[in-house]
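Visitor: PDB, C-alpha atoms and all ligand atoms, saved as protein.pdb, coming up:
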```pdb
ATOM      1  CA  MET C   3     -11.485  54.383 -34.261
ATOM      2  CA  ALA C   4      -8.057  55.005 -32.820
ATOM      3  CA  SER C   5      -5.987  51.916 -32.138
ATOM      4  CA  SER C   6      -5.902  50.624 -28.581
ATOM      5  CA  ARG C   7      -2.604  48.740 -28.738
ATOM      6  CA  LYS C   8       0.843  49.781 -29.924
ATOM      7  CA  SER C   9       3.756  47.337 -30.167
ATOM      8  CA  PHE C  10       7.368  48.494 -30.042
ATOM      9  CA  SER C  11      10.688  46.975 -29.090
ATOM     10  CA  ILE C  12      13.429  48.017 -26.691
ATOM     11  CA  GLY C  13      16.474  46.017 -27.787
ATOM     12  CA  ASP C  14      15.407  42.364 -27.530
ATOM     13  CA  ILE C  15      12.393  43.122 -25.338
ATOM     14  CA  GLN C  16       8.948  43.393 -26.899
ATOM     15  CA  CYS C  17       6.571  45.970 -25.414
ATOM     16  CA  VAL C  18       2.904  46.699 -26.032
ATOM     17  CA  ALA C  19       1.234  49.906 -24.873
ATOM     18  CA  ILE C  20      -2.393  48.989 -24.127
ATOM     19  CA  SER C  21      -5.238  51.475 -23.700
ATOM     20  CA  ASP C  22      -7.594  50.839 -20.799
ATOM     21  CA  GLY C  23      -9.773  53.799 -21.802
ATOM     22  CA  THR C  24     -10.009  57.530 -21.150
ATOM     23  CA  PHE C  25     -11.694  59.961 -18.790
ATOM     24  CA  SER C  26     -12.099  63.767 -18.809
ATOM     25  CA  TYR C  27     -10.836  65.978 -15.995
ATOM     26  CA  PRO C  28     -11.430  69.684 -15.339
ATOM     27  CA  VAL C  29      -8.466  71.548 -16.785
ATOM     28  CA  GLU C  30      -7.672  73.204 -13.423
ATOM     29  CA  TRP C  31      -7.129  69.777 -11.816
ATOM     30  CA  ILE C  32      -4.328  68.942 -14.274
ATOM     31  CA  PHE C  33      -2.841  72.487 -14.355
ATOM     32  CA  SER C  34      -3.590  73.861 -10.905
ATOM     33  CA  ASN C  35      -1.049  76.701 -10.686
ATOM     34  CA  ALA C  36      -0.571  77.618 -14.352
ATOM     35  CA  PRO C  37      -1.188  81.319 -15.115
ATOM     36  CA  LYS C  38      -4.586  81.421 -16.885
ATOM     37  CA  GLU C  39      -3.541  83.288 -20.036
ATOM     38  CA  GLN C  40      -0.379  81.270 -20.509
ATOM     39  CA  LEU C  41      -2.318  78.058 -19.974
ATOM     40  CA  GLU C  42      -5.016  78.981 -22.490
ATOM     41  CA  ASP C  43      -2.395  80.003 -25.058
ATOM     42  CA  SER C  44      -0.635  76.712 -24.564
ATOM     43  CA  LEU C  45      -3.865  74.698 -24.848
ATOM     44  CA  ARG C  46      -4.759  76.573 -28.055
ATOM     45  CA  ASN C  47      -1.282  75.940 -29.486
ATOM     46  CA  HIS C  48      -1.819  72.223 -28.877
ATOM     47  CA  ASP C  49      -5.352  72.346 -30.393
ATOM     48  CA  LEU C  50      -6.786  71.262 -27.043
ATOM     49  CA  PRO C  51     -10.095  72.249 -25.438
ATOM     50  CA  LEU C  52      -9.899  74.976 -22.763
ATOM     51  CA  ASN C  53     -12.240  73.444 -20.208
ATOM     52  CA  GLN C  54     -11.353  69.770 -19.956
ATOM     53  CA  VAL C  55      -8.415  67.410 -20.361
ATOM     54  CA  VAL C  56      -9.209  64.068 -21.966
ATOM     55  CA  THR C  57      -6.874  61.735 -20.121
ATOM     56  CA  PRO C  58      -5.908  58.300 -21.451
ATOM     57  CA  TYR C  59      -4.952  55.377 -19.224
ATOM     58  CA  THR C  60      -2.167  53.372 -20.857
ATOM     59  CA  CYS C  61      -0.906  50.106 -19.362
ATOM     60  CA  LEU C  62       2.315  48.518 -20.578
ATOM     61  CA  LEU C  63       2.913  44.843 -21.345
ATOM     62  CA  VAL C  64       6.598  43.863 -21.362
ATOM     63  CA  LYS C  65       7.608  40.513 -22.893
ATOM     64  CA  ALA C  66      11.119  39.844 -21.593
ATOM     65  CA  GLY C  67      12.243  36.261 -22.302
ATOM     66  CA  LYS C  68       9.729  33.963 -20.596
ATOM     67  CA  GLN C  69       8.396  36.799 -18.469
ATOM     68  CA  LYS C  70       5.253  38.745 -19.268
ATOM     69  CA  VAL C  71       5.167  41.798 -17.050
ATOM     70  CA  LEU C  72       2.196  44.133 -16.807
ATOM     71  CA  ILE C  73       2.851  47.691 -15.639
ATOM     72  CA  ASP C  74      -0.379  48.902 -13.967
ATOM     73  CA  THR C  75      -3.863  47.493 -14.367
ATOM     74  CA  GLY C  76      -6.018  50.374 -15.587
ATOM     75  CA  ALA C  77      -9.043  52.140 -14.189
ATOM     76  CA  ASP C  78     -11.731  49.446 -14.151
ATOM     77  CA  GLY C  79     -14.659  50.692 -12.060
ATOM     78  CA  LEU C  80     -13.797  54.367 -12.397
ATOM     79  CA  ALA C  81     -16.036  55.232 -15.355
ATOM     80  CA  PRO C  82     -17.980  53.558 -18.200
ATOM     81  CA  THR C  83     -15.161  54.628 -20.535
ATOM     82  CA  THR C  84     -12.496  52.601 -18.694
ATOM     83  CA  GLY C  85     -11.752  48.946 -17.947
ATOM     84  CA  ASP C  86     -10.728  47.745 -21.401
ATOM     85  CA  LEU C  87      -7.397  46.174 -20.380
ATOM     86  CA  LEU C  88      -8.458  42.493 -20.278
ATOM     87  CA  THR C  89     -10.282  42.734 -23.612
ATOM     88  CA  GLN C  90      -7.201  44.296 -25.201
ATOM     89  CA  LEU C  91      -4.883  41.693 -23.652
ATOM     90  CA  GLN C  92      -7.090  38.962 -25.083
ATOM     91  CA  ALA C  93      -6.965  40.622 -28.506
ATOM     92  CA  GLU C  94      -3.171  40.615 -28.121
ATOM     93  CA  GLY C  95      -3.351  36.845 -27.506
ATOM     94  CA  VAL C  96      -2.293  37.049 -23.863
ATOM     95  CA  THR C  97      -4.368  35.435 -21.109
ATOM     96  CA  PRO C  98      -4.400  36.708 -17.498
ATOM     97  CA  GLU C  99      -2.834  33.359 -16.472
ATOM     98  CA  GLU C 100       0.235  34.069 -18.610
ATOM     99  CA  ILE C 101       1.147  37.294 -16.792
ATOM    100  CA  THR C 102       4.121  36.516 -14.534
ATOM    101  CA  ALA C 103       4.467  39.870 -12.754
ATOM    102  CA  VAL C 104       2.290  42.938 -12.202
ATOM    103  CA  VAL C 105       4.067  46.157 -11.226
ATOM    104  CA  LEU C 106       1.722  48.581  -9.461
ATOM    105  CA  THR C 107       3.431  51.948  -9.843
ATOM    106  CA  HIS C 108       1.170  53.483  -7.213
ATOM    107  CA  ALA C 109      -2.216  52.906  -5.621
ATOM    108  CA  HIS C 110      -4.366  55.516  -7.379
ATOM    109  CA  PRO C 111      -7.694  54.143  -8.737
ATOM    110  CA  ASP C 112      -6.612  54.433 -12.368
ATOM    111  CA  HIS C 113      -3.622  52.132 -11.756
ATOM    112  CA  ILE C 114      -5.061  49.516  -9.362
ATOM    113  CA  GLY C 115      -8.556  49.377 -10.914
ATOM    114  CA  GLY C 116      -7.920  46.010 -12.581
ATOM    115  CA  VAL C 117      -6.014  44.083  -9.884
ATOM    116  CA  LEU C 118      -8.987  41.899  -8.878
ATOM    117  CA  ASP C 119     -11.463  39.751 -10.790
ATOM    118  CA  ALA C 120     -15.242  39.725 -10.213
ATOM    119  CA  ASN C 121     -14.771  37.351  -7.255
ATOM    120  CA  ARG C 122     -12.246  39.745  -5.679
ATOM    121  CA  HIS C 123      -9.389  37.339  -6.342
ATOM    122  CA  PRO C 124      -6.169  38.478  -8.043
ATOM    123  CA  ALA C 125      -7.100  39.012 -11.704
ATOM    124  CA  PHE C 126      -3.687  37.674 -12.784
ATOM    125  CA  PRO C 127      -3.683  34.439 -10.800
ATOM    126  CA  ASN C 128      -0.098  33.323 -11.458
ATOM    127  CA  ALA C 129       1.574  36.713 -11.197
ATOM    128  CA  ARG C 130       3.776  38.250  -8.562
ATOM    129  CA  TYR C 131       2.267  41.613  -7.604
ATOM    130  CA  VAL C 132       4.954  44.218  -6.927
ATOM    131  CA  MET C 133       4.650  47.621  -5.248
ATOM    132  CA  SER C 134       6.745  50.008  -3.164
ATOM    133  CA  ARG C 135       6.611  49.250   0.564
ATOM    134  CA  THR C 136       6.183  52.977   1.254
ATOM    135  CA  GLU C 137       3.165  53.059  -1.065
ATOM    136  CA  TRP C 138       1.540  49.954   0.428
ATOM    137  CA  ASN C 139       2.024  51.184   3.991
ATOM    138  CA  PHE C 140       0.633  54.620   3.158
ATOM    139  CA  TRP C 141      -2.615  53.410   1.578
ATOM    140  CA  THR C 142      -3.261  50.470   3.916
ATOM    141  CA  SER C 143      -2.974  52.585   7.065
ATOM    142  CA  ASP C 144      -4.967  55.799   7.406
ATOM    143  CA  PRO C 145      -3.854  57.879   4.405
ATOM    144  CA  ASN C 146      -3.585  61.580   5.083
ATOM    145  CA  LEU C 147      -4.644  63.463   1.938
ATOM    146  CA  SER C 148      -4.849  66.907   3.517
ATOM    147  CA  GLY C 149      -2.686  69.565   1.943
ATOM    148  CA  THR C 150      -3.625  68.573  -1.616
ATOM    149  CA  GLY C 151      -5.976  70.440  -3.954
ATOM    150  CA  MET C 152      -8.268  67.436  -4.407
ATOM    151  CA  ASN C 153     -11.886  67.899  -3.374
ATOM    152  CA  ASP C 154     -13.469  65.621  -0.750
ATOM    153  CA  HIS C 155     -15.216  63.473  -3.348
ATOM    154  CA  VAL C 156     -11.913  62.640  -5.074
ATOM    155  CA  LYS C 157     -10.168  62.006  -1.747
ATOM    156  CA  GLU C 158     -12.922  59.559  -0.747
ATOM    157  CA  LEU C 159     -12.698  57.856  -4.141
ATOM    158  CA  LEU C 160      -8.946  57.330  -3.734
ATOM    159  CA  ILE C 161      -9.306  55.980  -0.210
ATOM    160  CA  SER C 162     -12.176  53.631  -1.107
ATOM    161  CA  PHE C 163     -10.340  52.157  -4.124
ATOM    162  CA  ALA C 164      -7.281  51.438  -1.981
ATOM    163  CA  ARG C 165      -9.435  50.007   0.801
ATOM    164  CA  ASN C 166     -11.311  47.707  -1.613
ATOM    165  CA  ASN C 167      -8.511  46.639  -3.952
ATOM    166  CA  LEU C 168      -5.371  46.312  -1.831
ATOM    167  CA  PRO C 169      -6.293  44.010   1.110
ATOM    168  CA  PRO C 170      -7.151  41.003  -1.144
ATOM    169  CA  LEU C 171      -3.552  41.226  -2.447
ATOM    170  CA  GLU C 172      -1.972  41.088   0.996
ATOM    171  CA  GLU C 173      -0.863  37.428   0.730
ATOM    172  CA  ARG C 174       0.477  38.020  -2.752
ATOM    173  CA  ILE C 175       2.099  41.452  -2.700
ATOM    174  CA  GLU C 176       5.872  41.764  -2.938
ATOM    175  CA  LEU C 177       7.026  45.040  -1.377
ATOM    176  CA  LEU C 178      10.053  46.884  -2.725
ATOM    177  CA  ASP C 179      12.547  49.085  -0.903
ATOM    178  CA  GLY C 180      14.505  51.289  -3.278
ATOM    179  CA  GLU C 181      15.402  50.400  -6.848
ATOM    180  CA  LYS C 182      14.813  46.797  -7.906
ATOM    181  CA  GLU C 183      15.188  44.665 -11.022
ATOM    182  CA  VAL C 184      11.738  43.044 -11.105
ATOM    183  CA  VAL C 185      12.643  40.633 -13.911
ATOM    184  CA  PRO C 186      15.809  40.733 -16.037
ATOM    185  CA  GLY C 187      15.754  44.046 -17.930
ATOM    186  CA  VAL C 188      12.792  45.598 -16.094
ATOM    187  CA  PHE C 189      13.630  47.946 -13.208
ATOM    188  CA  ALA C 190      11.330  49.695 -10.724
ATOM    189  CA  ILE C 191      12.781  53.085  -9.744
ATOM    190  CA  PRO C 192      11.553  55.240  -6.828
ATOM    191  CA  ALA C 193       9.940  58.435  -8.236
ATOM    192  CA  PRO C 194       8.168  59.934  -5.207
ATOM    193  CA  GLY C 195       5.920  62.974  -4.921
ATOM    194  CA  HIS C 196       2.850  62.095  -6.980
ATOM    195  CA  THR C 197       2.335  59.565  -4.172
ATOM    196  CA  PRO C 198       4.802  58.652  -1.405
ATOM    197  CA  GLY C 199       5.931  55.404  -3.062
ATOM    198  CA  HIS C 200       5.303  56.234  -6.716
ATOM    199  CA  LEU C 201       7.549  54.179  -9.047
ATOM    200  CA  ALA C 202       8.930  54.873 -12.486
ATOM    201  CA  VAL C 203       9.934  51.887 -14.627
ATOM    202  CA  VAL C 204      12.991  51.401 -16.829
ATOM    203  CA  VAL C 205      13.132  48.696 -19.517
ATOM    204  CA  SER C 206      16.679  48.106 -20.714
ATOM    205  CA  SER C 207      18.102  45.785 -23.380
ATOM    206  CA  SER C 208      21.103  45.902 -25.760
ATOM    207  CA  GLN C 209      21.928  49.605 -25.173
ATOM    208  CA  ALA C 210      18.275  50.595 -25.718
ATOM    209  CA  GLN C 211      16.251  52.075 -22.893
ATOM    210  CA  LEU C 212      12.634  52.906 -22.171
ATOM    211  CA  LEU C 213      11.957  55.303 -19.311
ATOM    212  CA  HIS C 214       8.330  55.030 -18.218
ATOM    213  CA  MET C 215       7.668  58.187 -16.208
ATOM    214  CA  VAL C 216       4.168  56.962 -15.259
ATOM    215  CA  ASP C 217       2.452  59.885 -13.412
ATOM    216  CA  SER C 218       5.561  61.973 -12.710
ATOM    217  CA  VAL C 219       4.535  63.971 -15.777
ATOM    218  CA  LEU C 220       0.767  64.005 -16.342
ATOM    219  CA  HIS C 221       0.541  65.902 -19.636
ATOM    220  CA  PRO C 222       2.874  66.716 -22.564
ATOM    221  CA  MET C 223       2.515  70.430 -21.678
ATOM    222  CA  ASN C 224       4.270  69.615 -18.374
ATOM    223  CA  VAL C 225       7.395  68.774 -20.368
ATOM    224  CA  GLU C 226       7.535  72.389 -21.574
ATOM    225  CA  HIS C 227       6.291  73.715 -18.227
ATOM    226  CA  PRO C 228       7.716  71.419 -15.526
ATOM    227  CA  ALA C 229       6.787  73.951 -12.805
ATOM    228  CA  TRP C 230       3.082  73.577 -13.574
ATOM    229  CA  ARG C 231       1.454  71.477 -10.882
ATOM    230  CA  ASN C 232      -1.689  69.368 -10.531
ATOM    231  CA  VAL C 233      -4.085  68.657  -7.682
ATOM    232  CA  PHE C 234      -3.195  64.947  -7.513
ATOM    233  CA  ASP C 235       0.453  65.233  -6.417
ATOM    234  CA  LEU C 236       0.463  64.454  -2.690
ATOM    235  CA  ASN C 237       3.785  66.210  -2.124
ATOM    236  CA  GLU C 238       4.031  68.913  -4.792
ATOM    237  CA  ASP C 239       7.627  69.928  -4.072
ATOM    238  CA  THR C 240       8.939  66.359  -4.150
ATOM    239  CA  ALA C 241       6.870  65.676  -7.293
ATOM    240  CA  ALA C 242       8.369  68.746  -9.004
ATOM    241  CA  THR C 243      11.903  67.581  -8.157
ATOM    242  CA  THR C 244      11.199  64.054  -9.430
ATOM    243  CA  ARG C 245       9.636  65.453 -12.626
ATOM    244  CA  ARG C 246      12.780  67.467 -13.413
ATOM    245  CA  GLN C 247      15.080  64.531 -12.587
ATOM    246  CA  LEU C 248      13.223  62.141 -14.876
ATOM    247  CA  LEU C 249      12.967  64.647 -17.751
ATOM    248  CA  ASP C 250      16.664  65.392 -17.356
ATOM    249  CA  ARG C 251      17.525  61.695 -17.418
ATOM    250  CA  ALA C 252      15.272  61.017 -20.409
ATOM    251  CA  ALA C 253      16.946  63.772 -22.449
ATOM    252  CA  ALA C 254      20.501  62.901 -21.327
ATOM    253  CA  ASP C 255      20.053  59.204 -22.148
ATOM    254  CA  ASN C 256      18.078  59.887 -25.351
ATOM    255  CA  ALA C 257      15.736  57.219 -23.997
ATOM    256  CA  SER C 258      12.419  56.170 -25.415
ATOM    257  CA  VAL C 259       9.882  57.618 -23.014
ATOM    258  CA  LEU C 260       6.420  56.491 -22.007
ATOM    259  CA  ALA C 261       3.920  58.368 -19.835
ATOM    260  CA  TYR C 262       0.697  56.825 -18.545
ATOM    261  CA  HIS C 263      -1.606  59.778 -19.271
ATOM    262  CA  PHE C 264      -0.114  61.233 -22.464
ATOM    263  CA  PRO C 265      -2.159  60.909 -25.698
ATOM    264  CA  PHE C 266      -2.140  57.204 -26.632
ATOM    265  CA  PRO C 267       0.243  55.433 -26.936
ATOM    266  CA  GLY C 268       2.140  57.962 -24.791
ATOM    267  CA  LEU C 269       5.427  57.084 -26.452
ATOM    268  CA  GLY C 270       8.088  59.574 -27.520
ATOM    269  CA  ARG C 271      11.318  61.304 -26.593
ATOM    270  CA  VAL C 272      12.308  64.289 -24.470
ATOM    271  CA  THR C 273      14.803  66.846 -25.758
ATOM    272  CA  ASN C 274      16.466  69.770 -23.968
ATOM    273  CA  HIS C 275      14.951  73.192 -24.650
ATOM    274  CA  GLY C 276      16.347  76.102 -22.632
ATOM    275  CA  ASN C 277      15.460  75.634 -18.963
ATOM    276  CA  ALA C 278      12.804  73.070 -19.842
ATOM    277  CA  TRP C 279      12.276  70.269 -22.331
ATOM    278  CA  ARG C 280      10.307  69.419 -25.421
ATOM    279  CA  TRP C 281       8.090  66.384 -26.039
ATOM    280  CA  GLU C 282       8.437  64.651 -29.378
ATOM    281  CA  ALA C 283       5.720  62.029 -29.770
ATOM    282  CA  ALA C 284       6.771  58.884 -31.636
ATOM    283  CA  SER C 285       5.413  58.608 -35.166
ATOM    284  CA  GLN C 286       2.258  56.514 -35.383
ATOM    285  CA  SER C 287       3.493  54.261 -38.186
TER     286      SER C 287
HETATM  287 ZN    ZN L 301      -2.637  58.032 -13.005
END
```
With the file now loaded, output its structure as structure tokens.
Guide:
Amino acid sequence: MASSRKSFSIGDIQCVAISDGTFSYPVEWIFSNAPKEQLEDSLRNHDLPLNQVVTPYTCLLVKAGKQKVLIDTGADGLAPTTGDLLTQLQAEGVTPEEITAVVLTHAHPDHIGGVLDANRHPAFPNARYVMSRTEWNFWTSDPNLSGTGMNDHVKELLISFARNNLPPLEERIELLDGEKEVVPGVFAIPAPGHTPGHLAVVVSSSQAQLLHMVDSVLHPMNVEHPAWRNVFDLNEDTAATTRRQLLDRAAADNASVLAYHFPFPGLGRVTNHGNAWRWEAASQS
């Protein structure tokens, strides 16, 4: 069985990529505007099936000094194949009580699935919960999901997860405006488009940098084809601009890169390649 946790370091900061599980999506949801022949060629070149995209959910634990920061909480409740985060944290020797901050990059079900425990209390009882103010306001008012390619079932799923999982955090949530250093060395960076307040995360220590693109790039093939879109981006044009900016930054800085839905652990680097980029997955050793 493939490993569910991958430790790596960024300077003096210890990180652990943690799998919450996987789920399969129709290929046209992940690549909604890709020309069919080009898409199928690309899928074949990557030895991938033509009809579905198996999509991992990868949370990130960041141990920075006395802080233990969790980036996203997985997709508990979405499918029988998800919701493994707490078990994996336990196997890592980390209890929910030890988590000092939880960064919610955005309020999609696969990122806020694990925010509450069975009693609908915060699952990480001693943690600050951090999210963009724009994101919180969008999902806790009456979110307008028209103009996206999502079907009604998916739209209702997104709205119901936000409606169930966000209000119990109201007393606890810390809302961010713009870029913010959440704890020393861990920065939340606005990366809008996928959702209005979508955040990327930068971990920085001793000249080393991790750029976590989260859902700005959903699949490694998007690195080669940054113009290919998906049905989940709420503002496709803004998402496309953000995608290019982050890929550009990752290549220019020669940063370590993480992406939430890339094949586990989702860790690698981005290099320039003509008008696009190339994804180089980190070696598994
Ligand atoms: Zn996601």
Visitor: Give me, as an NGL selection string, the set of residues whose atoms come within 7 Å of any atom of ligand ZN 301 (chain L), counting only C-alpha atoms and all ligand atoms.
Guide: :C and (110 or 112-113 or 217 or 262-263)
Visitor: Per residue of stretch 43-98 of chain C within 12 Å of stretch 188-191 of chain C, what are the shortest atom pair and its distance in Å to one decimal, counting only C-alpha atoms, with rows by chain and residue number, as a Markdown table?
Guide:
```
| residue | atom | partner | partner_atom | distance |
| --- | --- | --- | --- | --- |
| C:Leu62 | CA | C:Val188 | CA | 11.8 |
| C:Leu63 | CA | C:Val188 | CA | 11.2 |
| C:Val64 | CA | C:Val188 | CA | 8.3 |
| C:Lys65 | CA | C:Val188 | CA | 9.9 |
| C:Ala66 | CA | C:Val188 | CA | 8.1 |
| C:Gly67 | CA | C:Val188 | CA | 11.2 |
| C:Gln69 | CA | C:Val188 | CA | 10.1 |
| C:Lys70 | CA | C:Val188 | CA | 10.7 |
| C:Val71 | CA | C:Val188 | CA | 8.6 |
| C:Leu72 | CA | C:Val188 | CA | 10.7 |
| C:Ile73 | CA | C:Ala190 | CA | 10.0 |
```
Visitor: Closest to C:Ala125 among C:Ser285, C:Thr102, C:Ser21, C:Asn35, using all atoms listed in the file?
Guide: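 Looking only at the distances to C:Ala125, the closest residue turns out to be C:Thr102.
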Visitor: Enumerate, as a PyMOL selection string, the residues matched when the PyMOL selection byres (((chain C and resi 32) around 10) and not hetatm) is run on the file above.
Guide: chain C and resi 27-31+33-36+54-55+57+220-221+224+230-235
Visitor: Suppose we keep C-alpha atoms; can you now write the selection as a PDB file, in the coordinates of the input?
Guide:
```
ATOM      1  CA  TYR C  27     -10.836  65.978 -15.995  1.00  0.00           C
ATOM      2  CA  PRO C  28     -11.430  69.684 -15.339  1.00  0.00           C
ATOM      3  CA  VAL C  29      -8.466  71.548 -16.785  1.00  0.00           C
ATOM      4  CA  GLU C  30      -7.672  73.204 -13.423  1.00  0.00           C
ATOM      5  CA  TRP C  31      -7.129  69.777 -11.816  1.00  0.00           C
ATOM      6  CA  PHE C  33      -2.841  72.487 -14.355  1.00  0.00           C
ATOM      7  CA  SER C  34      -3.590  73.861 -10.905  1.00  0.00           C
ATOM      8  CA  ASN C  35      -1.049  76.701 -10.686  1.00  0.00           C
ATOM      9  CA  ALA C  36      -0.571  77.618 -14.352  1.00  0.00           C
ATOM     10  CA  GLN C  54     -11.353  69.770 -19.956  1.00  0.00           C
ATOM     11  CA  VAL C  55      -8.415  67.410 -20.361  1.00  0.00           C
ATOM     12  CA  THR C  57      -6.874  61.735 -20.121  1.00  0.00           C
ATOM     13  CA  LEU C 220       0.767  64.005 -16.342  1.00  0.00           C
ATOM     14  CA  HIS C 221       0.541  65.902 -19.636  1.00  0.00           C
ATOM     15  CA  ASN C 224       4.270  69.615 -18.374  1.00  0.00           C
ATOM     16  CA  TRP C 230       3.082  73.577 -13.574  1.00  0.00           C
ATOM     17  CA  ARG C 231       1.454  71.477 -10.882  1.00  0.00           C
ATOM     18  CA  ASN C 232      -1.689  69.368 -10.531  1.00  0.00           C
ATOM     19  CA  VAL C 233      -4.085  68.657  -7.682  1.00  0.00           C
ATOM     20  CA  PHE C 234      -3.195  64.947  -7.513  1.00  0.00           C
ATOM     21  CA  ASP C 235       0.453  65.233  -6.417  1.00  0.00           C
TER      22      ASP C 235
END
```
Visitor: Applying the PyMOL selection byres (((chain C and resi 279-281) around 7) and not hetatm) to the file I just gave you, which residues come out? Please list them as a PyMOL selection string.
Guide: chain C and resi 222+225-226+270-275+278+282-283
Visitor: Output C-alpha atoms of each residue in that selection to a file, as a PDB file, in the coordinates of the input.
Guide:
```
ATOM      1  CA  PRO C 222       2.874  66.716 -22.564  1.00  0.00           C
ATOM      2  CA  VAL C 225       7.395  68.774 -20.368  1.00  0.00           C
ATOM      3  CA  GLU C 226       7.535  72.389 -21.574  1.00  0.00           C
ATOM      4  CA  GLY C 270       8.088  59.574 -27.520  1.00  0.00           C
ATOM      5  CA  ARG C 271      11.318  61.304 -26.593  1.00  0.00           C
ATOM      6  CA  VAL C 272      12.308  64.289 -24.470  1.00  0.00           C
ATOM      7  CA  THR C 273      14.803  66.846 -25.758  1.00  0.00           C
ATOM      8  CA  ASN C 274      16.466  69.770 -23.968  1.00  0.00           C
ATOM      9  CA  HIS C 275      14.951  73.192 -24.650  1.00  0.00           C
ATOM     10  CA  ALA C 278      12.804  73.070 -19.842  1.00  0.00           C
ATOM     11  CA  GLU C 282       8.437  64.651 -29.378  1.00  0.00           C
ATOM     12  CA  ALA C 283       5.720  62.029 -29.770  1.00  0.00           C
TER      13      ALA C 283
END
```
Visitor: For C:Ile114, find every residue with an atom within 8 Å (counting all atoms listed in the file), except residues of its own chain fewer than 4 positions away, and show them as a PyMOL selection string.
Guide: chain C and resi 74-77+106+108-110+163-164+167
